[in-house]
Each structure stands twice: as C-alpha cells, then as structure tokens.
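A.B. asks: For reference, this is run04.tsv, and it has TSV, C-alpha atoms and all ligand atoms.
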```
chain	number	residue	atom	x	y	z
J	1	MET	CA	-78.42	151.13	169.20
J	2	SER	CA	-76.05	148.26	168.41
J	3	VAL	CA	-77.39	144.77	167.83
J	4	LYS	CA	-77.49	142.65	171.01
J	5	HIS	CA	-76.09	139.22	170.24
J	6	PHE	CA	-76.11	136.40	172.79
J	7	LEU	CA	-72.97	134.65	171.55
J	8	ASP	CA	-71.02	133.48	174.59
J	9	LEU	CA	-71.07	134.48	178.26
J	10	ASP	CA	-67.54	135.94	178.12
J	11	GLY	CA	-68.72	138.78	175.84
J	12	ILE	CA	-71.73	139.93	177.88
J	13	PRO	CA	-71.40	142.23	180.92
J	14	ALA	CA	-72.11	140.49	184.24
J	15	ALA	CA	-74.84	142.99	185.17
J	16	GLU	CA	-76.72	142.22	181.96
J	17	LEU	CA	-76.50	138.47	182.56
J	18	ARG	CA	-77.92	139.07	186.04
J	19	ASP	CA	-80.72	141.20	184.56
J	20	ILE	CA	-81.59	138.37	182.14
J	21	LEU	CA	-81.91	135.92	185.06
J	22	THR	CA	-84.01	138.36	187.08
J	23	ASP	CA	-86.33	138.92	184.13
J	24	SER	CA	-86.52	135.16	183.44
J	25	ALA	CA	-87.42	134.44	187.08
J	26	ARG	CA	-90.10	137.14	187.00
J	27	MET	CA	-91.66	135.72	183.82
J	28	LYS	CA	-91.53	132.23	185.33
J	29	ALA	CA	-93.30	133.44	188.49
J	30	ASP	CA	-95.99	135.17	186.41
J	31	LEU	CA	-96.56	132.03	184.38
J	32	LYS	CA	-96.80	129.87	187.51
J	33	ALA	CA	-99.24	132.37	189.04
J	34	GLY	CA	-101.50	131.94	186.02
J	35	LYS	CA	-100.83	135.46	184.75
J	36	GLY	CA	-99.40	134.29	181.41
J	37	THR	CA	-96.59	136.11	179.64
J	38	GLU	CA	-96.72	139.69	178.39
J	39	PRO	CA	-96.52	139.56	174.56
J	40	ARG	CA	-93.29	141.58	174.49
J	41	LEU	CA	-92.21	140.12	171.13
J	42	ALA	CA	-95.53	140.40	169.29
J	43	GLY	CA	-94.96	140.44	165.55
J	44	LYS	CA	-91.32	139.30	165.85
J	45	THR	CA	-89.94	136.16	164.22
J	46	LEU	CA	-87.04	133.98	165.38
J	47	ALA	CA	-85.29	131.70	162.87
J	48	MET	CA	-83.76	128.62	164.45
J	49	LEU	CA	-80.99	127.04	162.41
J	50	PHE	CA	-80.00	123.52	163.42
J	51	GLU	CA	-76.86	121.82	162.19
J	52	LYS	CA	-77.07	119.33	165.08
J	53	ALA	CA	-79.86	117.45	166.87
J	54	SER	CA	-81.85	119.05	169.70
J	55	THR	CA	-84.83	118.36	171.93
J	56	ARG	CA	-84.69	120.93	174.75
J	57	THR	CA	-83.19	123.87	172.88
J	58	ARG	CA	-85.55	123.54	169.97
J	59	VAL	CA	-88.74	123.13	171.98
J	60	SER	CA	-87.88	125.67	174.68
J	61	PHE	CA	-87.03	128.40	172.15
J	62	GLU	CA	-90.12	127.67	170.10
J	63	VAL	CA	-92.45	127.75	173.10
J	64	ALA	CA	-90.64	130.77	174.58
J	65	MET	CA	-91.07	132.76	171.39
J	66	LYS	CA	-94.77	131.85	171.17
J	67	GLN	CA	-95.42	132.72	174.82
J	68	LEU	CA	-93.84	136.12	174.14
J	69	GLY	CA	-96.24	136.65	171.25
J	70	GLY	CA	-93.74	135.95	168.46
J	71	MET	CA	-93.24	133.33	165.77
J	72	THR	CA	-90.52	130.86	164.82
J	73	VAL	CA	-89.15	129.30	161.66
J	74	VAL	CA	-87.18	126.06	162.11
J	75	LEU	CA	-84.40	125.56	159.58
J	76	ARG	CA	-82.49	122.32	159.27
J	77	GLN	CA	-79.13	122.73	157.62
J	78	GLU	CA	-79.57	119.65	155.43
J	79	GLU	CA	-82.69	121.18	153.88
J	80	MET	CA	-81.06	124.54	153.15
J	81	GLN	CA	-78.80	125.85	150.42
J	82	LEU	CA	-76.07	125.87	153.10
J	83	LYS	CA	-75.91	122.16	152.40
J	84	ARG	CA	-75.08	122.94	148.75
J	85	GLY	CA	-72.35	125.42	149.55
J	86	GLU	CA	-74.11	128.76	150.12
J	87	THR	CA	-72.01	130.63	152.65
J	88	MET	CA	-73.03	131.48	156.19
J	89	ALA	CA	-72.35	135.13	155.32
J	90	ASP	CA	-74.90	135.13	152.48
J	91	THR	CA	-77.35	133.11	154.59
J	92	ALA	CA	-77.01	135.70	157.36
J	93	LYS	CA	-77.72	138.60	155.00
J	94	VAL	CA	-80.79	136.91	153.55
J	95	LEU	CA	-82.28	135.71	156.86
J	96	SER	CA	-81.83	139.21	158.29
J	97	ARG	CA	-84.27	140.49	155.65
J	98	TYR	CA	-86.99	138.09	156.86
J	99	VAL	CA	-86.60	137.57	160.60
J	100	ASP	CA	-85.86	139.62	163.74
J	101	ALA	CA	-83.36	137.23	165.36
J	102	ILE	CA	-81.50	134.02	164.55
J	103	MET	CA	-80.69	131.17	166.92
J	104	ILE	CA	-78.09	128.71	165.66
J	105	ARG	CA	-76.84	125.32	166.85
J	106	THR	CA	-73.65	124.41	165.04
J	107	GLY	CA	-70.11	123.07	165.46
J	108	PRO	CA	-67.44	125.66	164.68
J	109	ALA	CA	-67.79	128.95	166.56
J	110	GLN	CA	-66.74	130.67	163.31
J	111	LYS	CA	-70.19	129.97	161.85
J	112	LEU	CA	-71.83	131.71	164.82
J	113	ALA	CA	-69.42	134.62	164.41
J	114	ASP	CA	-70.16	134.83	160.67
J	115	LEU	CA	-73.90	134.98	161.26
J	116	ALA	CA	-73.39	137.84	163.71
J	117	LYS	CA	-70.87	139.63	161.48
J	118	PHE	CA	-72.73	139.46	158.19
J	119	GLY	CA	-76.33	139.57	159.43
J	120	SER	CA	-78.05	142.61	160.87
J	121	VAL	CA	-80.24	140.99	163.54
J	122	PRO	CA	-79.40	139.51	166.97
J	123	VAL	CA	-77.80	136.06	166.91
J	124	ILE	CA	-78.21	133.60	169.78
J	125	ASN	CA	-75.86	130.70	170.46
J	126	GLY	CA	-77.90	127.52	170.81
J	127	LEU	CA	-74.65	125.49	171.23
J	128	THR	CA	-71.35	125.35	169.39
J	129	ASP	CA	-68.31	123.15	169.93
J	130	THR	CA	-67.01	125.82	172.33
J	131	GLY	CA	-70.02	127.02	174.27
J	132	HIS	CA	-73.57	126.47	175.49
J	133	PRO	CA	-74.34	129.78	177.17
J	134	CYS	CA	-78.16	129.46	177.26
J	135	GLN	CA	-77.74	126.16	179.12
J	136	VAL	CA	-75.47	127.52	181.84
J	137	MET	CA	-77.79	130.50	182.39
J	138	ALA	CA	-80.64	128.01	183.02
J	139	ASP	CA	-78.35	126.01	185.30
J	140	ILE	CA	-77.57	129.07	187.41
J	141	LEU	CA	-81.25	129.99	187.70
J	142	THR	CA	-81.96	126.43	188.83
J	143	PHE	CA	-79.23	126.44	191.46
J	144	GLU	CA	-80.31	129.83	192.80
J	145	GLU	CA	-83.97	128.80	193.06
J	146	HIS	CA	-82.96	125.98	195.39
J	147	ARG	CA	-79.83	127.24	197.15
J	148	GLY	CA	-79.76	131.05	196.85
J	149	PRO	CA	-77.14	133.26	195.19
J	150	ILE	CA	-74.38	131.35	193.40
J	151	THR	CA	-71.83	134.08	194.10
J	152	GLY	CA	-69.28	132.76	196.58
J	153	LYS	CA	-70.41	129.14	196.13
J	154	SER	CA	-68.36	126.28	194.63
J	155	VAL	CA	-69.13	124.17	191.58
J	156	ALA	CA	-67.45	120.94	190.44
J	157	TRP	CA	-67.44	119.99	186.77
J	158	ILE	CA	-66.58	116.29	186.27
J	159	GLY	CA	-65.49	114.67	182.99
J	160	ASP	CA	-64.90	116.07	179.53
J	161	ALA	CA	-64.12	119.82	179.67
J	162	ASN	CA	-66.44	120.36	176.70
J	163	ASN	CA	-68.62	123.19	175.34
J	164	VAL	CA	-70.85	123.28	178.42
J	165	CYS	CA	-67.79	123.33	180.68
J	166	ILE	CA	-66.38	126.29	178.74
J	167	SER	CA	-69.57	128.25	179.43
J	168	TRP	CA	-69.22	127.32	183.12
J	169	VAL	CA	-65.72	128.85	183.08
J	170	HIS	CA	-67.13	132.07	181.63
J	171	ALA	CA	-69.91	132.00	184.22
J	172	ALA	CA	-67.43	131.59	187.09
J	173	ALA	CA	-65.97	134.97	186.13
J	174	LYS	CA	-69.32	136.67	185.52
J	175	PHE	CA	-71.15	135.36	188.61
J	176	GLY	CA	-68.21	135.05	191.04
J	177	PHE	CA	-68.19	131.41	192.11
J	178	GLU	CA	-65.35	128.92	192.40
J	179	LEU	CA	-65.20	126.31	189.63
J	180	ARG	CA	-63.25	123.09	190.03
J	181	ILE	CA	-62.82	120.98	186.93
J	182	ALA	CA	-61.83	117.31	187.16
J	183	ALA	CA	-60.91	115.96	183.73
J	184	PRO	CA	-58.39	113.55	182.26
J	185	GLY	CA	-55.34	115.43	180.94
J	186	ALA	CA	-56.28	114.90	177.28
J	187	LEU	CA	-59.75	116.37	177.83
J	188	ALA	CA	-58.81	119.20	180.21
J	189	PRO	CA	-59.63	122.86	179.48
J	190	LYS	CA	-57.29	124.59	177.01
J	191	PRO	CA	-54.64	126.94	178.41
J	192	ASP	CA	-56.11	129.99	176.62
J	193	LEU	CA	-59.45	129.47	178.40
J	194	LEU	CA	-57.68	129.21	181.76
J	195	ASP	CA	-55.69	132.35	180.93
J	196	TRP	CA	-58.95	134.14	180.15
J	197	ALA	CA	-60.36	133.01	183.49
J	198	LYS	CA	-57.32	134.26	185.35
J	199	GLN	CA	-57.36	137.62	183.59
J	200	HIS	CA	-61.03	138.02	184.48
J	201	GLY	CA	-60.57	137.25	188.16
J	202	ALA	CA	-62.28	133.84	188.09
J	203	THR	CA	-61.27	131.10	190.50
J	204	VAL	CA	-60.95	128.03	188.28
J	205	ARG	CA	-58.95	125.03	189.47
J	206	VAL	CA	-58.17	122.00	187.33
J	207	THR	CA	-57.37	118.53	188.62
J	208	THR	CA	-57.43	114.96	187.35
J	209	GLU	CA	-58.98	113.80	190.66
J	210	PRO	CA	-62.80	113.85	190.82
J	211	ARG	CA	-62.85	113.51	194.62
J	212	ALA	CA	-60.54	116.49	195.07
J	213	ALA	CA	-62.79	118.57	192.81
J	214	VAL	CA	-66.01	117.59	194.56
J	215	ALA	CA	-64.76	117.92	198.17
J	216	GLY	CA	-67.16	120.27	199.97
J	217	VAL	CA	-68.77	121.82	196.87
J	218	ASP	CA	-72.34	123.16	196.59
J	219	LEU	CA	-73.04	121.89	193.06
J	220	VAL	CA	-71.80	118.90	191.06
J	221	THR	CA	-72.34	118.79	187.31
J	222	THR	CA	-71.28	116.72	184.34
J	223	ASP	CA	-72.21	116.01	180.73
J	224	THR	CA	-72.04	113.27	178.12
J	225	TRP	CA	-68.66	111.69	177.41
J	226	VAL	CA	-69.33	111.95	173.67
J	227	SER	CA	-70.56	115.33	172.48
J	228	MET	CA	-72.24	115.72	169.09
J	229	GLY	CA	-69.63	115.61	166.36
J	230	GLN	CA	-67.24	113.53	168.49
J	231	GLU	CA	-68.97	110.21	167.93
J	232	VAL	CA	-65.95	108.67	166.21
J	233	ALA	CA	-63.64	109.28	169.13
J	234	ASN	CA	-64.25	106.57	171.70
J	235	ARG	CA	-63.08	108.27	174.86
J	236	ASN	CA	-65.00	106.17	177.35
J	237	TYR	CA	-61.86	104.43	178.61
J	238	LEU	CA	-60.37	107.82	179.51
J	239	LEU	CA	-63.54	108.98	181.22
J	240	ALA	CA	-64.52	105.82	183.11
J	241	PRO	CA	-63.04	107.13	186.41
J	242	TYR	CA	-65.14	110.32	186.06
J	243	SER	CA	-68.59	108.81	186.47
J	244	VAL	CA	-70.63	110.76	189.02
J	245	ASP	CA	-71.88	108.13	191.46
J	246	GLN	CA	-73.24	108.25	195.01
J	247	ALA	CA	-69.77	107.80	196.52
J	248	LEU	CA	-68.53	110.86	194.63
J	249	MET	CA	-71.63	112.91	195.57
J	250	ALA	CA	-70.94	112.01	199.22
J	251	CYS	CA	-67.70	114.04	199.00
J	252	ALA	CA	-69.71	117.23	198.31
J	253	LYS	CA	-71.67	119.19	200.94
J	254	PRO	CA	-74.66	117.18	202.22
J	255	GLU	CA	-76.97	119.82	200.67
J	256	ALA	CA	-75.11	119.80	197.32
J	257	VAL	CA	-77.22	119.56	194.18
J	258	PHE	CA	-76.59	117.68	190.94
J	259	LEU	CA	-77.16	119.19	187.48
J	260	HIS	CA	-76.85	117.73	183.97
J	261	CYS	CA	-77.80	119.58	180.78
J	262	LEU	CA	-79.24	116.34	179.29
J	263	PRO	CA	-79.43	114.12	177.31
J	264	ALA	CA	-77.92	111.80	179.95
J	265	HIS	CA	-76.31	108.40	179.64
J	266	ARG	CA	-77.03	106.50	182.84
J	267	GLY	CA	-74.14	104.21	183.73
J	268	GLU	CA	-71.63	106.42	181.91
J	269	GLU	CA	-71.15	110.02	183.08
J	270	VAL	CA	-73.71	109.60	185.87
J	271	THR	CA	-75.33	106.71	187.69
J	272	GLU	CA	-79.08	106.23	187.80
J	273	GLU	CA	-78.95	106.58	191.57
J	274	VAL	CA	-77.58	110.13	191.29
J	275	ILE	CA	-79.51	111.52	188.32
J	276	ASP	CA	-82.81	110.06	189.54
J	277	GLY	CA	-81.97	110.66	193.22
J	278	PRO	CA	-82.91	113.37	195.73
J	279	GLN	CA	-79.98	115.70	195.00
J	280	SER	CA	-80.73	115.89	191.29
J	281	LEU	CA	-82.47	118.99	189.91
J	282	VAL	CA	-82.29	117.96	186.26
J	283	TRP	CA	-86.01	118.31	185.49
J	284	ASP	CA	-86.21	121.80	186.97
J	285	GLU	CA	-83.04	122.55	185.01
J	286	ALA	CA	-84.64	121.37	181.76
J	287	GLU	CA	-87.79	123.39	182.52
J	288	ASN	CA	-85.72	126.48	183.19
J	289	ARG	CA	-84.37	126.39	179.65
J	290	LEU	CA	-87.83	127.72	178.66
J	291	HIS	CA	-87.90	130.51	181.22
J	292	VAL	CA	-84.32	131.60	180.51
J	293	GLN	CA	-84.83	131.53	176.72
J	294	LYS	CA	-87.59	134.08	177.34
J	295	GLY	CA	-85.22	136.30	179.27
J	296	ILE	CA	-82.57	135.99	176.57
J	297	LEU	CA	-85.02	136.68	173.73
J	298	ALA	CA	-86.44	139.70	175.54
J	299	TRP	CA	-82.90	141.01	176.22
J	300	CYS	CA	-82.01	140.68	172.52
J	301	LEU	CA	-85.28	141.95	171.09
J	302	ALA	CA	-87.67	143.74	173.42
M	1	LIG	N1	-79.33	120.47	176.90
M	1	LIG	C1	-79.62	120.67	175.59
M	1	LIG	O1	-79.19	121.63	174.94
M	1	LIG	O2	-80.46	119.72	175.08
M	1	LIG	P1	-80.83	119.51	173.54
M	1	LIG	O3	-79.61	118.99	172.85
M	1	LIG	O4	-81.95	118.52	173.57
M	1	LIG	O5	-81.25	120.83	172.96
M	2	LIG	N1	-71.85	118.55	175.18
M	2	LIG	C1	-73.08	118.11	174.54
M	2	LIG	C2	-74.21	118.97	174.98
M	2	LIG	C3	-75.55	118.60	174.41
M	2	LIG	C4	-76.65	119.49	174.86
M	2	LIG	C5	-72.91	118.14	173.04
M	2	LIG	O1	-72.28	119.07	172.53
M	2	LIG	O2	-73.38	117.22	172.38
```
Spit out the file's structure as structure tokens when you get a sec.

C.D. replies:
Amino acid sequence: MSVKHFLDLDGIPAAELRDILTDSARMKADLKAGKGTEPRLAGKTLAMLFEKASTRTRVSFEVAMKQLGGMTVVLRQEEMQLKRGETMADTAKVLSRYVDAIMIRTGPAQKLADLAKFGSVPVINGLTDTGHPCQVMADILTFEEHRGPITGKSVAWIGDANNVCISWVHAAAKFGFELRIAAPGALAPKPDLLDWAKQHGATVRVTTEPRAAVAGVDLVTTDTWVSMGQEVANRNYLLAPYSVDQALMACAKPEAVFLHCLPAHRGEEVTEEVIDGPQSLVWDEAENRLHVQKGILAWCLA
C-alpha cells in the first residue's frame, strides 16, 4: 500500500477528508463520554520537526499521539544538523529509519515535498507558507458541531489571503461550500490558486470589500496580519480596513459564527468584542485541533 501523506487538502480525496472528520468526531465523543481512546497507534512514534514557533500544533499532536498509545519526538530545526546544512532529503531518509511518521512545520512547501519524496513514512503538514490543512479540518469540525453540514453554506475570509486561506480554498472544493475572500489587492489569492478552484468546481469569489464578502454568510474567519516569516513586512496599513469588528459581523447571518486559528491580535485582525463575544467559537476550534490530529494520525498510520 502506498504511503498516506497529509500534505495539503487539494491532494486528498474529499471522501477521505470526510472520513477523517467522522473518525475525529467519534474519538472526541468517546473521550467526552469517559471511554478514553483506543490505542490504535500503540508502539508507533511521530517525529515533529519545527522550523517555526507553535503552541497548539505542537501540544495537540503530542497529546493526540499519546492518547492513541504512541510516542513523539520533538525536533527543533536549530538543534539539528539541518541547521548546519544537512539536506531535508538526507534528514527524511534517516528519520524514516527511526519513526513511523513525521509532522513538519516549515516555510517553503518544497521542504514538505522533499520530506515526503525522500522519506518512506507518512508526512503531515503542520503549516507551511502555503497551507495549514490540519487547522482547516479542525475549523470545519467546529463549524459542523454548531451549525450542521458545511456543504452548501457560505464562508467569508477577511484579510491576508495567507496559508490558512489557501487551505480554505482547497476545502471549498472538497466540502462544497461557497468561499468569499476579502483582501487588499496586494495580498489577494494568487491566480493559479483561483484557477485550481475553478477547475475543481469550487465557488470562490474575491473582493476588496469586507462587507460584500460577509453579507449573509454562515461563518466569518480571519488570521493574523503578519504570518511567521513575514515579520519584516509591515502590512498593517494595507490591512487596517479588514479588521473583523461587530459592525462587520452584523452583515453576516444573525446565527453566523466566528473562527480564528489563533494566535490572535486583538485590535488588529479582530476586535476583542468579536473574538471574546457570543459568536466566537475559537476555544472549541483550538480544542478540536486535538481531536482532528487524532483522526489525521489514524488515517496516516492505523
Ligand atoms: N493555529 C495554530 O497552528 O497555532 P500554533 O501556531 O500555536 O500551532
Ligand atoms: N498564518 C499564520 C498562522 C499561524 C498558526 C502564520 O503562518 O504565522
């Protein structure tokens, strides 16, 4: 059987993504019912390679692996021979001799691709500059727990059309919802991504007007104005009109929910009133990273 990598949502069949969410929800329900988690990954080890900071991804994967009966090894790039020039290809070959799967958080998607190409174990994308697929899977589970199937619903992404936004575009095609992106021209989605969406039957609309994007939607989401690795580029002046505040939320359906992958910057991409208000599901969303990591790990490894 071929190795099952969880690289980006565009490369995974929709039915398998749905199965991962169903399995994640089932494991969550079992845990909440006090039944614990079946040790489906007993004896397996996940290496987690971090080239960028993380709170949620690191802790949720580590706890997920342990609840499934497995083990983890946390690797920080600055403490590895990668730092001294060893290639990702050689690192992949070596790690594959020790562990059963590798999760990586990095910048260039090429590093993720190299790990998958040169290693022989499943590779999971824990965020690159062009995707955050585990996050958007958790976001969809969160929405569906509160508002039912996402298929046929509408989602507004406000602000920088970054890595998380790219995974939302992939998800729009895989799960069949409408995605409206409001971003300043310089930070809008790239034409090749929009071409991909079109070719895959996704409804993705792009505007520079936040209110037009949010009008009547079921879900409003946003992310930091400065993603990791972009700290030198001060883009706040471009993004100031894209702050999600109560007036913008009022343009969505009254029952619309607000999501944010976190970490959040109150007073920038979202106001305190919204992220700490009644429409916000951000803590459930953060919790669901754990449950969905379990579904992803089991899909790759069980
Ligand atoms: N949302 C998310 O991936 O958070 P961390 O950067 O803390 O992992
Ligand atoms: N877009 C953000 C997401 C962090 C979880 C970043 O890349 O820094």

A.B. asks: Measuring between all atoms listed in the file, which one of J:Leu46, J:Met88, J:Glu78, J:Ser227 shows the shortest distance to His132 in chain J?

C.D. replies: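 The shortest atom-to-atom distance to His132 in chain J comes from J:Ser227.
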
A.B. asks: Please identify all protein, DNA and RNA residues within 9 Å of ligand LIG 2 (chain M), counting only C-alpha atoms and all ligand atoms, and report them as a PyMOL selection string.

C.D. replies: chain J and resi 52-57+107+127-132+135+160+162-165+223-230+261-263

A.B. asks: For Leu9 in chain J, which residue out of J:Leu238, J:Met137, J:Leu194, J:Val232 is the nearest one, using all atoms listed in the file?

C.D. replies: J:Met137

A.B. asks: In terms of the shortest atom-to-atom distance over all atoms listed in the file, which of J:Arg147, J:Arg266, J:Arg58, J:Lys253 is closest to ligand LIG 1 (chain M)?

C.D. replies: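 That would be J:Arg58, the residue with the smallest distance to ligand LIG 1 (chain M).
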
A.B. asks: Would you mind listing what lies within 12 Å of Gly36 in chain J as a list in words, with all atoms listed in the file counted and same-chain residues fewer than 2 positions away left out?

C.D. replies: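 In the requested form, the answer reads Arg26, Met27, Lys28, Ala29, Asp30, Leu31, Lys32, Ala33, Gly34, Glu38, Pro39, Arg40, Ala64, Lys66, Gln67, Leu68 and Gly69 of chain J.
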
A.B. asks: Rounded to one decimal in Å, what is the spacing between CA of Ser280 in chain J and CA of Leu259 in chain J?

C.D. replies: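 Atom-to-atom, CA of Ser280 in chain J and CA of Leu259 in chain J are spaced 6.2 Å apart.
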
A.B. asks: J:Pro184, J:Gly201, J:Gly11, J:Pro133: which is nearest ligand LIG 1 (chain M), counting all atoms listed in the file?

C.D. replies: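 For ligand LIG 1 (chain M), the nearest of the candidates is J:Pro133.
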
A.B. asks: From (-70.5, 123.6, 192.6), in the file's coordinates, out to 6 Å: which residues are reached, counting only C-alpha atoms? Answer as a count of residues only.

C.D. replies: 7

A.B. asks: What is the distance, in Å and to one decimal place, between CA of Glu255 in chain J and CA of Val282 in chain J?

C.D. replies: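 Value for the CA of Glu255 in chain J-CA of Val282 in chain J distance: 15.5 Å.
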
A.B. asks: Wanna dump the range 78-139 of chain J-range 292-297 of chain J contacts at 12 Å for me, each residue with its shortest atom pair and the distance in Å to one decimal, counting only C-alpha atoms, ordered by chain and number, as CSV?

C.D. replies:
```
residue,atom,partner,partner_atom,distance
J:Asp100,CA,J:Leu297,CA,10.4
J:Ala101,CA,J:Leu297,CA,8.6
J:Ile102,CA,J:Leu297,CA,10.2
J:Met103,CA,J:Leu297,CA,9.8
J:Pro122,CA,J:Leu297,CA,9.2
J:Val123,CA,J:Leu297,CA,10.0
J:Ile124,CA,J:Ile296,CA,8.4
J:Asn125,CA,J:Ile296,CA,10.5
J:Gly126,CA,J:Gln293,CA,10.0
J:Pro133,CA,J:Ile296,CA,10.3
J:Cys134,CA,J:Gln293,CA,7.0
J:Gln135,CA,J:Val292,CA,8.6
J:Val136,CA,J:Val292,CA,9.8
J:Met137,CA,J:Val292,CA,6.9
J:Ala138,CA,J:Val292,CA,5.7
J:Asp139,CA,J:Val292,CA,9.5
```

A.B. asks: Determine the nearest neighbour of Leu49 in chain J from the options J:Ala15, J:Leu95, J:Ala247, J:Leu301, counting only C-alpha atoms.

C.D. replies: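 Ranked by minimum distance to Leu49 in chain J, first place goes to J:Leu95.
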
A.B. asks: Find the spatial neighbours of Thr203 in chain J, counting only C-alpha atoms, within a cut-off of 7 Å - ignore same-chain residues fewer than 2 positions away - and output them as a list in words.

C.D. replies: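 Answer for this query is Glu178, Leu179, Gly201 and Arg205 of chain J.
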